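Note sheet for the following structure.
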Amino acid sequence: MKILDLTLPTPAENLACDEALLQAAEEGNSGEVLRFWESPTHFVVVGYANKVATEINVAACEARTTPILRRCSGGGTVVQGPGCLNYALVLQIAPDKPTHNIHAANQFIMERNRDAIASLHPPPSTLHPRVCGHTDLAIDGLKFSGNSQRRQRNHLLFHGTFLLNFDLALVSELLQSPPLQPAYRESRSHADFVMNLGLKAEAIKRALAESWRANEQLENIPFATIKSLVATKYAQHDWNFKF
């Protein structure tokens, strides 16, 4: 698997990059990829089918001039920025692989990511990450990682976040209580539901790269596709506020 540690200047470019890597794999221009990035600025991103008005405190975002964007995959609404590490996996779909359907892919990827994080808390540590809901990672019921998936014919994009040293107060300030919640949340507020992992980004990167055997640098970065996706989708109000 190839690896790419690349943060682009804007939120739109970073979201576009994940989708561009998926497109490149589908077109046979790259293989499986693991990417890392961390936005230097805060922004809010909704899942593909989320409704902005019911998920986000739009007035608070406007007051802070915090951009609102939409990603190409499902899942819940999140706040991004410094201290929130993002990763993206592009994996092949095949009948004989654990990526052959949505549920199997979720389980396969989340369990491997869980084990990678657990390796950073070896015994006698009492911190035991667990897969909760469909695609969350949590410790003692507190969520530190959310993830989502998008599938095409031959490849899937599975991407998510790790809260490491993020300003968690922004989550309560900029997001409303989500209408759809996993059972393990038990109707808790954002403040009582999320946590920072408190690890260094480089430690997470090393653990995931080792787990996914990502050891070859991606050289053919699809910059032209990224630019096109920004212009036609991620920088467009009609896309970001479509629901």
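In the structure tokens, chains take the letters A, B, ... in the order shown, each chain's residues start at 1, and ligands count up from 1 in the order shown.
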Would you pick out the contacts of Pro82 (chain A) at 10 Å or less, using only C-alpha atoms, so that residues sharing its chain but fewer than 6 positions from it are not included, and give the list as a ChimeraX atom specification?
/A:38-42,163-167
Can you list every residue of region 138-171 of chain A that has an atom at most 9 Å from region 5-28 of chain A, with its nearest atom pair and the distance in Å to one decimal, using only C-alpha atoms, ordered by chain then number, as a tab-separated table?
residue	atom	partner	partner_atom	distance
A:Arg151	CA	A:Leu22	CA	8.9
A:Gln152	CA	A:Glu26	CA	7.7
A:Arg153	CA	A:Glu26	CA	7.6
A:Asn154	CA	A:Glu26	CA	6.3
A:His155	CA	A:Glu26	CA	6.3
A:Leu156	CA	A:Leu22	CA	6.8
A:Leu157	CA	A:Leu22	CA	6.1
A:His159	CA	A:Asp18	CA	8.1
Any chance you could export the current selection's C-alpha atoms as a PDB file, in the first residue's frame?
ATOM      1  CA  ARG A 151     -17.971   2.869  -2.359  1.00  0.00           C
ATOM      2  CA  GLN A 152     -17.472   2.748  -6.090  1.00  0.00           C
ATOM      3  CA  ARG A 153     -17.300  -0.267  -8.385  1.00  0.00           C
ATOM      4  CA  ASN A 154     -13.807  -1.552  -7.595  1.00  0.00           C
ATOM      5  CA  HIS A 155     -12.577   0.594  -4.686  1.00  0.00           C
ATOM      6  CA  LEU A 156     -13.844   2.196  -1.526  1.00  0.00           C
ATOM      7  CA  LEU A 157     -12.898   5.297   0.418  1.00  0.00           C
ATOM      8  CA  HIS A 159     -11.912   8.071   6.033  1.00  0.00           C
TER       9      HIS A 159
END
Within 12 Å of region 128-137 of chain A: each region 2-88 of chain A residue with its shortest pair, only C-alpha atoms, as a Markdown table:
| residue | atom | partner | partner_atom | distance |
| --- | --- | --- | --- | --- |
| A:Gly74 | CA | A:Thr135 | CA | 11.0 |
| A:Gly75 | CA | A:Thr135 | CA | 8.6 |
| A:Gly76 | CA | A:Thr135 | CA | 10.4 |
Output of the above residues as a short mmCIF file (atom, residue, chain, number, x, y, z; two decimals), in the first residue's frame, restricted to C-alpha atoms:
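Result went into again_17.cif, see below:
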data_model
loop_
_atom_site.label_atom_id
_atom_site.label_comp_id
_atom_site.auth_asym_id
_atom_site.auth_seq_id
_atom_site.Cartn_x
_atom_site.Cartn_y
_atom_site.Cartn_z
CA GLY A 74 -21.95 9.50 4.76
CA GLY A 75 -21.67 9.66 8.52
CA GLY A 76 -22.21 12.48 10.99
#
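For the residues A:Leu120, A:Ile56, A:Ile93, A:Met1, ranking by smallest atom-to-atom distance to Glu202 (chain A) using only C-alpha atoms places A:Leu120 first.
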Backbone DSSP call of strand (DSSP E or B) for region 36-181 of chain A, listed as a ChimeraX atom specification
/A:36-37,43-46,56,68-70,78-80,84-92,130-132,136-139,142-151,155-163,175
Give the answer as one residue: which of A:Arg114, A:His237, A:Arg35, A:Lys143 has the shortest atom-to-atom distance to Asp192 (chain A), using only C-alpha atoms?
A:Lys143
Rounded to one decimal place, report the CA of Arg64 (chain A)-CA of Pro179 (chain A) distance in Å.
23.8 Å
Region 19-228 of chain A: which residues are alpha helix (DSSP H) by DSSP, as a PyMOL selection string?
chain A and resi 19-26+52-55+58-64+102-118+169-174+201-211+223-228
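Going from CA of Ser30 (chain A) over to CA of Gly81 (chain A), you cover 28.2 Å.
Using only C-alpha atoms, the nearest neighbour of Phe243 (chain A) within the list A:Val46, A:Val78, A:Val230, A:Ala60 is A:Val46.
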Just want the 12 Å neighbourhood of Leu175 (chain A), counted on only C-alpha atoms, with same-chain residues fewer than 6 positions away dropped. Output as a PDB file with C-alpha atoms, in the first residue's frame.
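Output (out23.pdb):
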ATOM      1  CA  PHE A  43     -14.242  24.218   9.574  1.00  0.00           C
ATOM      2  CA  VAL A  44     -17.385  22.106   9.837  1.00  0.00           C
ATOM      3  CA  VAL A  45     -18.094  19.230   7.488  1.00  0.00           C
ATOM      4  CA  VAL A  46     -21.419  17.441   7.081  1.00  0.00           C
ATOM      5  CA  LYS A  51     -29.138  18.632   6.596  1.00  0.00           C
ATOM      6  CA  VAL A  52     -27.117  21.713   7.477  1.00  0.00           C
ATOM      7  CA  ALA A  53     -29.946  23.465   9.343  1.00  0.00           C
ATOM      8  CA  THR A  54     -30.578  20.516  11.696  1.00  0.00           C
ATOM      9  CA  GLU A  55     -26.935  19.529  12.282  1.00  0.00           C
ATOM     10  CA  ILE A  56     -25.106  22.852  12.598  1.00  0.00           C
ATOM     11  CA  ASN A  57     -25.407  26.071  14.560  1.00  0.00           C
ATOM     12  CA  VAL A  58     -25.135  28.136  11.400  1.00  0.00           C
ATOM     13  CA  ALA A  59     -25.256  31.471  13.225  1.00  0.00           C
ATOM     14  CA  ALA A  60     -22.302  30.477  15.420  1.00  0.00           C
ATOM     15  CA  CYS A  61     -20.327  29.411  12.355  1.00  0.00           C
ATOM     16  CA  THR A  66     -16.099  29.091  10.158  1.00  0.00           C
ATOM     17  CA  ILE A  68     -19.321  24.757   6.303  1.00  0.00           C
ATOM     18  CA  GLY A  76     -22.211  12.476  10.987  1.00  0.00           C
ATOM     19  CA  THR A  77     -21.229  16.120  11.143  1.00  0.00           C
ATOM     20  CA  VAL A  78     -17.827  16.990  12.636  1.00  0.00           C
ATOM     21  CA  VAL A  79     -15.709  20.010  13.434  1.00  0.00           C
ATOM     22  CA  GLN A  80     -12.200  19.969  11.988  1.00  0.00           C
ATOM     23  CA  LEU A 168     -13.561  20.283  22.166  1.00  0.00           C
ATOM     24  CA  ALA A 169     -15.587  23.328  23.249  1.00  0.00           C
ATOM     25  CA  SER A 189     -24.351  16.206  25.100  1.00  0.00           C
ATOM     26  CA  HIS A 190     -21.305  16.748  22.913  1.00  0.00           C
ATOM     27  CA  ALA A 191     -19.300  17.784  25.979  1.00  0.00           C
TER      28      ALA A 191
END
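Residues in contact with Lys2 (chain A) at 12 Å, where only C-alpha atoms are counted and same-chain residues fewer than 2 positions away are skipped, are listed as Leu4, Asp5, Leu21, Ala25, Ser30, Gly31, Glu32, Val33, Leu34, Arg35, Phe36, Ala88, Leu89, Val90, Leu91, Ala209, Glu210, Trp212, Arg213, Ala214, Asn215, Glu216, Gln217, Leu218, Glu219, Asn220 and Ile221 of chain A.
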Could you write those residues out with C-alpha atoms, as a PDB file, in the first residue's frame?
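Written out: result-v5.pdb:
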ATOM      1  CA  LEU A   4       0.619  10.051   1.451  1.00  0.00           C
ATOM      2  CA  ASP A   5       1.104  12.566   4.252  1.00  0.00           C
ATOM      3  CA  LEU A  21      -7.535   9.444  -4.569  1.00  0.00           C
ATOM      4  CA  ALA A  25      -7.707   4.134  -7.954  1.00  0.00           C
ATOM      5  CA  SER A  30      -2.888   4.312  -8.328  1.00  0.00           C
ATOM      6  CA  GLY A  31      -3.418   1.399  -6.017  1.00  0.00           C
ATOM      7  CA  GLU A  32      -4.470   1.271  -2.383  1.00  0.00           C
ATOM      8  CA  VAL A  33      -3.506   4.384  -0.416  1.00  0.00           C
ATOM      9  CA  LEU A  34      -3.309   5.585   3.178  1.00  0.00           C
ATOM     10  CA  ARG A  35      -3.368   9.385   3.513  1.00  0.00           C
ATOM     11  CA  PHE A  36      -2.945  11.675   6.537  1.00  0.00           C
ATOM     12  CA  ALA A  88      -8.154   8.246   4.433  1.00  0.00           C
ATOM     13  CA  LEU A  89      -7.918   4.683   3.185  1.00  0.00           C
ATOM     14  CA  VAL A  90      -8.548   3.719  -0.428  1.00  0.00           C
ATOM     15  CA  LEU A  91      -8.987  -0.055  -0.597  1.00  0.00           C
ATOM     16  CA  ALA A 209       1.046   2.827   8.596  1.00  0.00           C
ATOM     17  CA  GLU A 210       2.491  -0.303  10.226  1.00  0.00           C
ATOM     18  CA  TRP A 212      -1.865  -1.288   6.945  1.00  0.00           C
ATOM     19  CA  ARG A 213       1.665  -1.997   5.661  1.00  0.00           C
ATOM     20  CA  ALA A 214       1.754   1.373   3.951  1.00  0.00           C
ATOM     21  CA  ASN A 215       5.428   1.849   3.196  1.00  0.00           C
ATOM     22  CA  GLU A 216       5.689   3.181  -0.360  1.00  0.00           C
ATOM     23  CA  GLN A 217       5.338   6.895  -0.996  1.00  0.00           C
ATOM     24  CA  LEU A 218       2.584   7.909  -3.404  1.00  0.00           C
ATOM     25  CA  GLU A 219       4.254   9.886  -6.159  1.00  0.00           C
ATOM     26  CA  ASN A 220       1.421  10.376  -8.643  1.00  0.00           C
ATOM     27  CA  ILE A 221      -0.757  12.802  -6.680  1.00  0.00           C
TER      28      ILE A 221
END
